[in-house]
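Engineer: I'd like to ask you about the structure that follows.
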Amino acid sequence: MEKIAWIGTGVMGHAMVSHLIEAGHFVKVYNRSLQKTEGLNAQVCLTVEEVVQDVDVVITMLGYPKDVEEVYTKILKHQNSRPLCIDMTTSAPELAKRIAQNAKSLGIDVLDAPVSGGDIGAKNASLAIMVGGDENAFTKAFPLFEKMGKTITYCGMSGNGQHCKMANQIVVAGNVAAVAESMSYAIKQGLDPKLVLQAISGGAAASWQLSNNGPKMIDRDARPGFYIHHFVKDLLLVLNEAEHVGLELPVVSEVLSSYQALVDKGYASKGTQALIEHYLDES
């Protein structure tokens, strides 16, 4: 049984840490909003400094790269047991490399291990987990990853987990936009969108986005499984990384523009499926 510190119990983190608790691990949790730790059979801590004391593993699931940088500055300063650290936030590859290098000088391994699968994947422990960092540290962490995900891939050196997640988000961007356009087209043509969804889900158009976010788009259910403002952050990271290697990504740029328009209309805390509102223009 590992002693685990978990930092960040939001929409994704709450469900993910619950699987580790159910597996019998002793878990301490910290979240800036105490309300988001409710319902977890864990020791609730009031500070980062407190939660990282006397643990074997520290896992973070945060919002933005700036949060990751701030939290890991505290973790590396205040830990007292040289824990294995795993950042499951979608963050900047260069930041992941820098944190890993700084931690290595203290005898600490840090893995970057962003995930894909949304709130559904988190609840069902079926996430895809993409991991960068020391391979021996990955081997040590693998049993924990197995409690949270189904597709667990070691991607190589530090930062590569984040680069793999960037590739994932490029595909998601195209898919979620395609589903929104498809459902908008069906609605505007006077078709029953649920019938259309059923018809095309069994053919070459089948995808996770179609099956999981298609019904939500039809029902105009914008409850967040993954926040629009987090996806905007991810797509900005993608474009920044693509610029470094001289790669143009017109699909990502267009989808980002659509989401930024929704943010301007007050949709930042809605789920990514709310993209259909951009097409139907009935906000």
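By convention here, the chains of the structure tokens are called A, B, ... in the order presented, each chain's residues are numbered starting at 1, and ligands are numbered starting at 1 in the order presented.
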For A:Gly159, list every protein, DNA or RNA residue within 9 Å, evaluated using only C-alpha atoms, and leave out those in the same chain fewer than 3 positions away; present the list as a PyMOL selection string.
Structural biologist: chain A and resi 92-98+100+111-112+131-133+155-156+162-164
Engineer: As a VMD selection string, please: the residues near A:Ile187 (cut-off 12 Å, only C-alpha atoms, same-chain neighbours under 2 positions excluded).
Structural biologist: chain A and resid 180 to 185 189 to 197 217 to 219 276 279 to 280
Engineer: Using atom CA of A:Thr9 and atom CA of A:Met88 as the two end points, give the distance in Å to one decimal.
Structural biologist: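 For atom CA of A:Thr9 relative to atom CA of A:Met88, the distance reads 11.8 Å.
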Engineer: Tell me, as number ranges by chain, which residues lie within 7 Å of stretch 257-261 of chain A, counting only C-alpha atoms; anything in the same chain fewer than 6 positions away does not count.
Structural biologist: A: 232, 275, 278
Engineer: For the selection just defined, write its residues with N, CA and C atoms to a file, as a short mmCIF file (atom, residue, chain, number, x, y, z; two decimals), in the first residue's frame.
Structural biologist:
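Done, and the output landed in again.cif:
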data_model
loop_
_atom_site.label_atom_id
_atom_site.label_comp_id
_atom_site.auth_asym_id
_atom_site.auth_seq_id
_atom_site.Cartn_x
_atom_site.Cartn_y
_atom_site.Cartn_z
N VAL A 232 -9.42 25.52 -24.24
CA VAL A 232 -8.77 26.68 -24.85
C VAL A 232 -7.31 26.72 -24.44
N LEU A 275 -19.94 23.64 -27.94
CA LEU A 275 -19.52 24.19 -29.23
C LEU A 275 -20.67 24.27 -30.22
N HIS A 278 -22.15 27.61 -30.96
CA HIS A 278 -21.46 28.50 -31.89
C HIS A 278 -22.06 28.38 -33.28
#
Engineer: Run DSSP on the backbone and grab whatever in stretch 118-272 of chain A lands in helix (DSSP H, G or I); send it over as an mmCIF file with N, CA and C atoms, in the first residue's frame.
Structural biologist:
data_model
loop_
_atom_site.group_PDB
_atom_site.id
_atom_site.type_symbol
_atom_site.label_atom_id
_atom_site.label_comp_id
_atom_site.auth_asym_id
_atom_site.auth_seq_id
_atom_site.Cartn_x
_atom_site.Cartn_y
_atom_site.Cartn_z
ATOM 1 N N GLY A 118 -11.945 12.447 -20.422
ATOM 2 C CA GLY A 118 -12.960 13.268 -19.787
ATOM 3 C C GLY A 118 -13.473 12.709 -18.484
ATOM 4 N N ASP A 119 -14.567 13.299 -17.998
ATOM 5 C CA ASP A 119 -15.130 12.878 -16.720
ATOM 6 C C ASP A 119 -15.631 11.445 -16.772
ATOM 7 N N ILE A 120 -16.075 11.011 -17.961
ATOM 8 C CA ILE A 120 -16.562 9.638 -18.104
ATOM 9 C C ILE A 120 -15.422 8.650 -17.913
ATOM 10 N N GLY A 121 -14.292 8.928 -18.561
ATOM 11 C CA GLY A 121 -13.124 8.072 -18.411
ATOM 12 C C GLY A 121 -12.601 8.069 -16.987
ATOM 13 N N ALA A 122 -12.648 9.234 -16.331
ATOM 14 C CA ALA A 122 -12.193 9.320 -14.939
ATOM 15 C C ALA A 122 -13.090 8.483 -14.036
ATOM 16 N N LYS A 123 -14.396 8.597 -14.213
ATOM 17 C CA LYS A 123 -15.345 7.845 -13.372
ATOM 18 C C LYS A 123 -15.242 6.344 -13.615
ATOM 19 N N ASN A 124 -15.016 5.952 -14.857
ATOM 20 C CA ASN A 124 -14.976 4.528 -15.205
ATOM 21 C C ASN A 124 -13.580 3.920 -15.115
ATOM 22 N N GLU A 135 12.116 5.759 -17.028
ATOM 23 C CA GLU A 135 11.362 4.519 -17.264
ATOM 24 C C GLU A 135 11.211 3.686 -15.987
ATOM 25 N N ASN A 136 12.211 3.711 -15.114
ATOM 26 C CA ASN A 136 12.078 2.979 -13.854
ATOM 27 C C ASN A 136 10.991 3.585 -12.976
ATOM 28 N N ALA A 137 10.875 4.906 -13.007
ATOM 29 C CA ALA A 137 9.803 5.579 -12.265
ATOM 30 C C ALA A 137 8.443 5.220 -12.854
ATOM 31 N N PHE A 138 8.389 5.125 -14.184
ATOM 32 C CA PHE A 138 7.144 4.707 -14.842
ATOM 33 C C PHE A 138 6.739 3.304 -14.389
ATOM 34 N N THR A 139 7.712 2.393 -14.332
ATOM 35 C CA THR A 139 7.424 1.029 -13.899
ATOM 36 C C THR A 139 6.872 1.014 -12.476
ATOM 37 N N LYS A 140 7.451 1.854 -11.621
ATOM 38 C CA LYS A 140 6.975 1.943 -10.243
ATOM 39 C C LYS A 140 5.554 2.486 -10.176
ATOM 40 N N ALA A 141 5.253 3.453 -11.037
ATOM 41 C CA ALA A 141 3.938 4.100 -11.015
ATOM 42 C C ALA A 141 2.860 3.291 -11.722
ATOM 43 N N PHE A 142 3.264 2.329 -12.545
ATOM 44 C CA PHE A 142 2.304 1.622 -13.398
ATOM 45 C C PHE A 142 1.126 1.024 -12.625
ATOM 46 N N PRO A 143 1.337 0.383 -11.480
ATOM 47 C CA PRO A 143 0.180 -0.165 -10.746
ATOM 48 C C PRO A 143 -0.841 0.901 -10.332
ATOM 49 N N LEU A 144 -0.364 2.119 -10.091
ATOM 50 C CA LEU A 144 -1.288 3.206 -9.764
ATOM 51 C C LEU A 144 -2.046 3.651 -11.012
ATOM 52 N N PHE A 145 -1.326 3.757 -12.127
ATOM 53 C CA PHE A 145 -1.984 4.119 -13.380
ATOM 54 C C PHE A 145 -3.079 3.115 -13.740
ATOM 55 N N GLU A 146 -2.822 1.847 -13.463
ATOM 56 C CA GLU A 146 -3.803 0.805 -13.786
ATOM 57 C C GLU A 146 -5.117 0.989 -13.038
ATOM 58 N N ASN A 160 7.597 14.247 -22.989
ATOM 59 C CA ASN A 160 6.977 13.500 -24.088
ATOM 60 C C ASN A 160 5.539 13.109 -23.794
ATOM 61 N N GLY A 161 5.215 12.922 -22.513
ATOM 62 C CA GLY A 161 3.819 12.665 -22.170
ATOM 63 C C GLY A 161 2.960 13.850 -22.573
ATOM 64 N N GLN A 162 3.463 15.049 -22.301
ATOM 65 C CA GLN A 162 2.734 16.264 -22.682
ATOM 66 C C GLN A 162 2.657 16.420 -24.193
ATOM 67 N N HIS A 163 3.733 16.118 -24.898
ATOM 68 C CA HIS A 163 3.679 16.196 -26.363
ATOM 69 C C HIS A 163 2.652 15.214 -26.923
ATOM 70 N N CYS A 164 2.590 14.018 -26.358
ATOM 71 C CA CYS A 164 1.597 13.038 -26.805
ATOM 72 C C CYS A 164 0.180 13.561 -26.554
ATOM 73 N N LYS A 165 -0.014 14.212 -25.404
ATOM 74 C CA LYS A 165 -1.332 14.788 -25.116
ATOM 75 C C LYS A 165 -1.672 15.905 -26.096
ATOM 76 N N MET A 166 -0.677 16.664 -26.537
ATOM 77 C CA MET A 166 -0.929 17.695 -27.543
ATOM 78 C C MET A 166 -1.468 17.056 -28.830
ATOM 79 N N ALA A 167 -0.846 15.922 -29.228
ATOM 80 C CA ALA A 167 -1.318 15.208 -30.418
ATOM 81 C C ALA A 167 -2.754 14.739 -30.222
ATOM 82 N N ASN A 168 -3.059 14.286 -29.013
ATOM 83 C CA ASN A 168 -4.416 13.849 -28.677
ATOM 84 C C ASN A 168 -5.410 15.000 -28.837
ATOM 85 N N GLN A 169 -5.039 16.173 -28.330
ATOM 86 C CA GLN A 169 -5.960 17.307 -28.367
ATOM 87 C C GLN A 169 -6.178 17.834 -29.777
ATOM 88 N N ILE A 170 -5.213 17.636 -30.653
ATOM 89 C CA ILE A 170 -5.408 18.004 -32.058
ATOM 90 C C ILE A 170 -6.541 17.170 -32.662
ATOM 91 N N VAL A 171 -6.521 15.873 -32.382
ATOM 92 C CA VAL A 171 -7.579 14.990 -32.895
ATOM 93 C C VAL A 171 -8.915 15.333 -32.258
ATOM 94 N N VAL A 172 -8.921 15.584 -30.955
ATOM 95 C CA VAL A 172 -10.164 15.940 -30.265
ATOM 96 C C VAL A 172 -10.757 17.213 -30.856
ATOM 97 N N ALA A 173 -9.910 18.197 -31.127
ATOM 98 C CA ALA A 173 -10.395 19.460 -31.678
ATOM 99 C C ALA A 173 -11.149 19.234 -32.992
ATOM 100 N N GLY A 174 -10.541 18.465 -33.883
ATOM 101 C CA GLY A 174 -11.208 18.186 -35.155
ATOM 102 C C GLY A 174 -12.487 17.401 -34.981
ATOM 103 N N ASN A 175 -12.461 16.423 -34.073
ATOM 104 C CA ASN A 175 -13.646 15.571 -33.877
ATOM 105 C C ASN A 175 -14.810 16.316 -33.247
ATOM 106 N N VAL A 176 -14.534 17.075 -32.192
ATOM 107 C CA VAL A 176 -15.637 17.754 -31.511
ATOM 108 C C VAL A 176 -16.272 18.797 -32.433
ATOM 109 N N ALA A 177 -15.453 19.451 -33.245
ATOM 110 C CA ALA A 177 -16.001 20.410 -34.202
ATOM 111 C C ALA A 177 -16.817 19.705 -35.283
ATOM 112 N N ALA A 178 -16.336 18.560 -35.737
ATOM 113 C CA ALA A 178 -17.061 17.809 -36.767
ATOM 114 C C ALA A 178 -18.416 17.339 -36.247
ATOM 115 N N VAL A 179 -18.449 16.883 -34.997
ATOM 116 C CA VAL A 179 -19.725 16.432 -34.413
ATOM 117 C C VAL A 179 -20.682 17.614 -34.275
ATOM 118 N N ALA A 180 -20.167 18.746 -33.804
ATOM 119 C CA ALA A 180 -21.020 19.928 -33.663
ATOM 120 C C ALA A 180 -21.578 20.368 -35.012
ATOM 121 N N GLU A 181 -20.741 20.343 -36.048
ATOM 122 C CA GLU A 181 -21.206 20.728 -37.378
ATOM 123 C C GLU A 181 -22.228 19.727 -37.911
ATOM 124 N N SER A 182 -21.963 18.442 -37.682
ATOM 125 C CA SER A 182 -22.865 17.399 -38.162
ATOM 126 C C SER A 182 -24.250 17.525 -37.531
ATOM 127 N N MET A 183 -24.274 17.670 -36.211
ATOM 128 C CA MET A 183 -25.560 17.778 -35.520
ATOM 129 C C MET A 183 -26.278 19.078 -35.883
ATOM 130 N N SER A 184 -25.505 20.157 -36.058
ATOM 131 C CA SER A 184 -26.111 21.425 -36.480
ATOM 132 C C SER A 184 -26.731 21.291 -37.866
ATOM 133 N N TYR A 185 -26.023 20.621 -38.759
ATOM 134 C CA TYR A 185 -26.529 20.396 -40.119
ATOM 135 C C TYR A 185 -27.840 19.613 -40.079
ATOM 136 N N ALA A 186 -27.866 18.533 -39.290
ATOM 137 C CA ALA A 186 -29.071 17.713 -39.201
ATOM 138 C C ALA A 186 -30.252 18.520 -38.670
ATOM 139 N N ILE A 187 -29.988 19.317 -37.635
ATOM 140 C CA ILE A 187 -31.055 20.129 -37.036
ATOM 141 C C ILE A 187 -31.572 21.162 -38.035
ATOM 142 N N LYS A 188 -30.669 21.857 -38.715
ATOM 143 C CA LYS A 188 -31.071 22.911 -39.659
ATOM 144 C C LYS A 188 -31.799 22.346 -40.881
ATOM 145 N N PRO A 193 -32.179 14.697 -35.094
ATOM 146 C CA PRO A 193 -30.742 14.518 -34.874
ATOM 147 C C PRO A 193 -30.394 13.221 -34.130
ATOM 148 N N LYS A 194 -31.322 12.747 -33.298
ATOM 149 C CA LYS A 194 -31.054 11.491 -32.592
ATOM 150 C C LYS A 194 -31.050 10.317 -33.573
ATOM 151 N N LEU A 195 -31.904 10.391 -34.570
ATOM 152 C CA LEU A 195 -31.937 9.362 -35.603
ATOM 153 C C LEU A 195 -30.664 9.422 -36.444
ATOM 154 N N VAL A 196 -30.236 10.628 -36.771
ATOM 155 C CA VAL A 196 -29.003 10.797 -37.537
ATOM 156 C C VAL A 196 -27.813 10.267 -36.734
ATOM 157 N N LEU A 197 -27.781 10.589 -35.448
ATOM 158 C CA LEU A 197 -26.699 10.118 -34.591
ATOM 159 C C LEU A 197 -26.647 8.597 -34.574
ATOM 160 N N GLN A 198 -27.801 7.986 -34.463
ATOM 161 C CA GLN A 198 -27.865 6.523 -34.476
ATOM 162 C C GLN A 198 -27.366 5.963 -35.802
ATOM 163 N N ALA A 199 -27.760 6.596 -36.886
ATOM 164 C CA ALA A 199 -27.399 6.107 -38.216
ATOM 165 C C ALA A 199 -25.899 6.185 -38.474
ATOM 166 N N ILE A 200 -25.280 7.301 -38.092
ATOM 167 C CA ILE A 200 -23.878 7.486 -38.455
ATOM 168 C C ILE A 200 -22.917 6.898 -37.426
ATOM 169 N N SER A 201 -23.420 6.556 -36.237
ATOM 170 C CA SER A 201 -22.545 5.990 -35.198
ATOM 171 C C SER A 201 -22.065 4.586 -35.541
ATOM 172 N N TRP A 208 -15.398 8.586 -30.273
ATOM 173 C CA TRP A 208 -15.728 8.847 -28.867
ATOM 174 C C TRP A 208 -16.555 10.121 -28.759
ATOM 175 N N GLN A 209 -16.150 11.155 -29.473
ATOM 176 C CA GLN A 209 -16.868 12.421 -29.404
ATOM 177 C C GLN A 209 -18.305 12.272 -29.892
ATOM 178 N N LEU A 210 -18.492 11.517 -30.959
ATOM 179 C CA LEU A 210 -19.838 11.329 -31.496
ATOM 180 C C LEU A 210 -20.722 10.604 -30.489
ATOM 181 N N SER A 211 -20.191 9.547 -29.888
ATOM 182 C CA SER A 211 -20.989 8.732 -28.970
ATOM 183 C C SER A 211 -21.255 9.420 -27.641
ATOM 184 N N ASN A 212 -20.271 10.163 -27.136
ATOM 185 C CA ASN A 212 -20.396 10.737 -25.799
ATOM 186 C C ASN A 212 -20.871 12.187 -25.793
ATOM 187 N N GLY A 214 -22.093 13.777 -28.729
ATOM 188 C CA GLY A 214 -23.199 13.957 -29.675
ATOM 189 C C GLY A 214 -24.552 14.052 -28.988
ATOM 190 N N PRO A 215 -24.905 13.098 -28.109
ATOM 191 C CA PRO A 215 -26.198 13.189 -27.413
ATOM 192 C C PRO A 215 -26.323 14.448 -26.560
ATOM 193 N N LYS A 216 -25.240 14.864 -25.936
ATOM 194 C CA LYS A 216 -25.288 16.081 -25.117
ATOM 195 C C LYS A 216 -25.536 17.310 -25.986
ATOM 196 N N MET A 217 -24.933 17.333 -27.173
ATOM 197 C CA MET A 217 -25.159 18.461 -28.081
ATOM 198 C C MET A 217 -26.624 18.529 -28.489
ATOM 199 N N ILE A 218 -27.196 17.377 -28.806
ATOM 200 C CA ILE A 218 -28.603 17.335 -29.221
ATOM 201 C C ILE A 218 -29.512 17.842 -28.116
ATOM 202 N N ASP A 219 -29.213 17.427 -26.880
ATOM 203 C CA ASP A 219 -30.036 17.814 -25.733
ATOM 204 C C ASP A 219 -29.682 19.199 -25.205
ATOM 205 N N ILE A 228 -14.605 24.257 -21.210
ATOM 206 C CA ILE A 228 -14.151 24.983 -22.394
ATOM 207 C C ILE A 228 -12.874 25.770 -22.091
ATOM 208 N N HIS A 229 -12.784 26.421 -20.934
ATOM 209 C CA HIS A 229 -11.597 27.238 -20.674
ATOM 210 C C HIS A 229 -10.340 26.382 -20.550
ATOM 211 N N HIS A 230 -10.483 25.127 -20.113
ATOM 212 C CA HIS A 230 -9.325 24.236 -20.078
ATOM 213 C C HIS A 230 -8.942 23.779 -21.489
ATOM 214 N N PHE A 231 -9.946 23.576 -22.349
ATOM 215 C CA PHE A 231 -9.643 23.161 -23.717
ATOM 216 C C PHE A 231 -8.983 24.297 -24.489
ATOM 217 N N VAL A 232 -9.421 25.521 -24.240
ATOM 218 C CA VAL A 232 -8.771 26.678 -24.853
ATOM 219 C C VAL A 232 -7.305 26.722 -24.437
ATOM 220 N N LYS A 233 -7.055 26.503 -23.152
ATOM 221 C CA LYS A 233 -5.673 26.432 -22.664
ATOM 222 C C LYS A 233 -4.885 25.370 -23.411
ATOM 223 N N ASP A 234 -5.478 24.187 -23.576
ATOM 224 C CA ASP A 234 -4.791 23.085 -24.255
ATOM 225 C C ASP A 234 -4.466 23.440 -25.702
ATOM 226 N N LEU A 235 -5.427 24.036 -26.403
ATOM 227 C CA LEU A 235 -5.206 24.350 -27.812
ATOM 228 C C LEU A 235 -4.178 25.468 -27.991
ATOM 229 N N LEU A 236 -4.132 26.387 -27.050
ATOM 230 C CA LEU A 236 -3.077 27.412 -27.093
ATOM 231 C C LEU A 236 -1.704 26.772 -26.886
ATOM 232 N N LEU A 237 -1.624 25.786 -26.002
ATOM 233 C CA LEU A 237 -0.380 25.049 -25.815
ATOM 234 C C LEU A 237 0.020 24.323 -27.098
ATOM 235 N N VAL A 238 -0.963 23.697 -27.740
ATOM 236 C CA VAL A 238 -0.703 22.985 -29.000
ATOM 237 C C VAL A 238 -0.110 23.928 -30.036
ATOM 238 N N LEU A 239 -0.746 25.071 -30.229
ATOM 239 C CA LEU A 239 -0.274 26.009 -31.250
ATOM 240 C C LEU A 239 1.102 26.566 -30.903
ATOM 241 N N ASN A 240 1.367 26.776 -29.627
ATOM 242 C CA ASN A 240 2.678 27.255 -29.206
ATOM 243 C C ASN A 240 3.758 26.229 -29.516
ATOM 244 N N GLU A 241 3.475 24.950 -29.220
ATOM 245 C CA GLU A 241 4.443 23.892 -29.492
ATOM 246 C C GLU A 241 4.630 23.695 -30.996
ATOM 247 N N ALA A 242 3.540 23.807 -31.764
ATOM 248 C CA ALA A 242 3.634 23.659 -33.221
ATOM 249 C C ALA A 242 4.473 24.768 -33.834
ATOM 250 N N GLU A 243 4.338 25.972 -33.281
ATOM 251 C CA GLU A 243 5.113 27.109 -33.788
ATOM 252 C C GLU A 243 6.608 26.865 -33.600
ATOM 253 N N HIS A 244 6.973 26.209 -32.499
ATOM 254 C CA HIS A 244 8.391 25.937 -32.227
ATOM 255 C C HIS A 244 9.035 25.086 -33.324
ATOM 256 N N PRO A 250 -4.111 24.499 -39.172
ATOM 257 C CA PRO A 250 -5.288 25.328 -39.455
ATOM 258 C C PRO A 250 -6.567 24.847 -38.784
ATOM 259 N N VAL A 251 -6.730 23.532 -38.633
ATOM 260 C CA VAL A 251 -7.937 23.017 -37.976
ATOM 261 C C VAL A 251 -7.960 23.450 -36.512
ATOM 262 N N VAL A 252 -6.843 23.265 -35.821
ATOM 263 C CA VAL A 252 -6.759 23.674 -34.422
ATOM 264 C C VAL A 252 -7.010 25.175 -34.293
ATOM 265 N N SER A 253 -6.429 25.960 -35.168
ATOM 266 C CA SER A 253 -6.600 27.415 -35.112
ATOM 267 C C SER A 253 -8.063 27.808 -35.269
ATOM 268 N N GLU A 254 -8.761 27.152 -36.184
ATOM 269 C CA GLU A 254 -10.169 27.472 -36.417
ATOM 270 C C GLU A 254 -11.040 27.057 -35.231
ATOM 271 N N VAL A 255 -10.783 25.875 -34.689
ATOM 272 C CA VAL A 255 -11.567 25.398 -33.540
ATOM 273 C C VAL A 255 -11.311 26.287 -32.329
ATOM 274 N N LEU A 256 -10.063 26.676 -32.121
ATOM 275 C CA LEU A 256 -9.736 27.570 -31.022
ATOM 276 C C LEU A 256 -10.487 28.888 -31.160
ATOM 277 N N SER A 257 -10.557 29.417 -32.366
ATOM 278 C CA SER A 257 -11.274 30.670 -32.602
ATOM 279 C C SER A 257 -12.744 30.536 -32.227
ATOM 280 N N SER A 258 -13.340 29.390 -32.569
ATOM 281 C CA SER A 258 -14.756 29.152 -32.242
ATOM 282 C C SER A 258 -14.959 29.095 -30.735
ATOM 283 N N TYR A 259 -14.060 28.414 -30.047
ATOM 284 C CA TYR A 259 -14.188 28.321 -28.588
ATOM 285 C C TYR A 259 -13.940 29.675 -27.918
ATOM 286 N N GLN A 260 -13.008 30.435 -28.443
ATOM 287 C CA GLN A 260 -12.757 31.753 -27.852
ATOM 288 C C GLN A 260 -13.975 32.656 -28.015
ATOM 289 N N ALA A 261 -14.704 32.485 -29.121
ATOM 290 C CA ALA A 261 -15.947 33.240 -29.305
ATOM 291 C C ALA A 261 -16.967 32.858 -28.245
ATOM 292 N N LEU A 262 -17.016 31.573 -27.885
ATOM 293 C CA LEU A 262 -17.931 31.130 -26.833
ATOM 294 C C LEU A 262 -17.500 31.648 -25.463
ATOM 295 N N VAL A 263 -16.199 31.681 -25.231
ATOM 296 C CA VAL A 263 -15.702 32.252 -23.969
ATOM 297 C C VAL A 263 -16.157 33.701 -23.848
ATOM 298 N N ASP A 264 -16.075 34.444 -24.936
ATOM 299 C CA ASP A 264 -16.495 35.841 -24.938
ATOM 300 C C ASP A 264 -17.984 35.990 -24.629
ATOM 301 N N THR A 272 -17.162 21.167 -23.292
ATOM 302 C CA THR A 272 -16.718 21.390 -24.668
ATOM 303 C C THR A 272 -17.813 21.114 -25.694
#
Engineer: Please determine, counting only C-alpha atoms, which residue among A:Ala204, A:Cys85, A:Met12, A:Val17 has the shortest atom-to-atom distance to A:Ser116.
Structural biologist: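 Comparing A:Ala204, A:Cys85, A:Met12, A:Val17 against A:Ser116, the winner is A:Met12.
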Engineer: Per DSSP on the backbone, what are the strand (DSSP E) residues of stretch 33-124 of chain A, as a count of residues only?
Structural biologist: 15
Engineer: Looking at only C-alpha atoms, which of A:Pro114, A:Gly8, A:Gly13, A:Gly24 is the one that sits closest to A:Asp67?
Structural biologist: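 Looking only at the distances to A:Asp67, the closest residue turns out to be A:Gly8.
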Engineer: Go through A:Ile99, A:Val52, A:Met16, A:Ile4 one by one, measure the shortest atom-to-atom distance of each to A:Leu127 using only C-alpha atoms, and give the residue with the smallest value.
Structural biologist: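 Of the candidates, the smallest distance to A:Leu127 is held by A:Met16.
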Engineer: For A:Arg82, please output as a list of chain:residue names all residues within 9 Å (counting only C-alpha atoms; exclusion window: fewer than 2 positions along the same chain).
Structural biologist: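 My list of contacting residues is A:Asp54, A:Val55, A:Asp56, A:Val57, A:Leu76, A:Gln79, A:Asn80, A:Leu84, A:Cys85, A:Leu106, A:Gly107, A:Ile108, A:Asp109.
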Engineer: Could you list, as a PyMOL selection string, every residue within 6 Å of A:Ile59, counting only C-alpha atoms and ignoring same-chain residues fewer than 6 positions away?
Structural biologist: chain A and resi 6+85-87
Engineer: In Å, with one decimal, what is the gap from atom CA of A:Lys28 to atom CA of A:Met157?
Structural biologist: 28.5 Å
Engineer: Quick one: of A:Lys270, A:Lys104, A:Lys265, A:Arg32, who's nearest to A:Val71, counting only C-alpha atoms?
Structural biologist: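 The shortest atom-to-atom distance to A:Val71 comes from A:Arg32.
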Engineer: Mind pulling up the distance from atom CA of A:Ile75 to atom CA of A:Thr89?
Structural biologist: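 Between atom CA of A:Thr89 and atom CA of A:Ile75 the gap works out to 15.2 Å.
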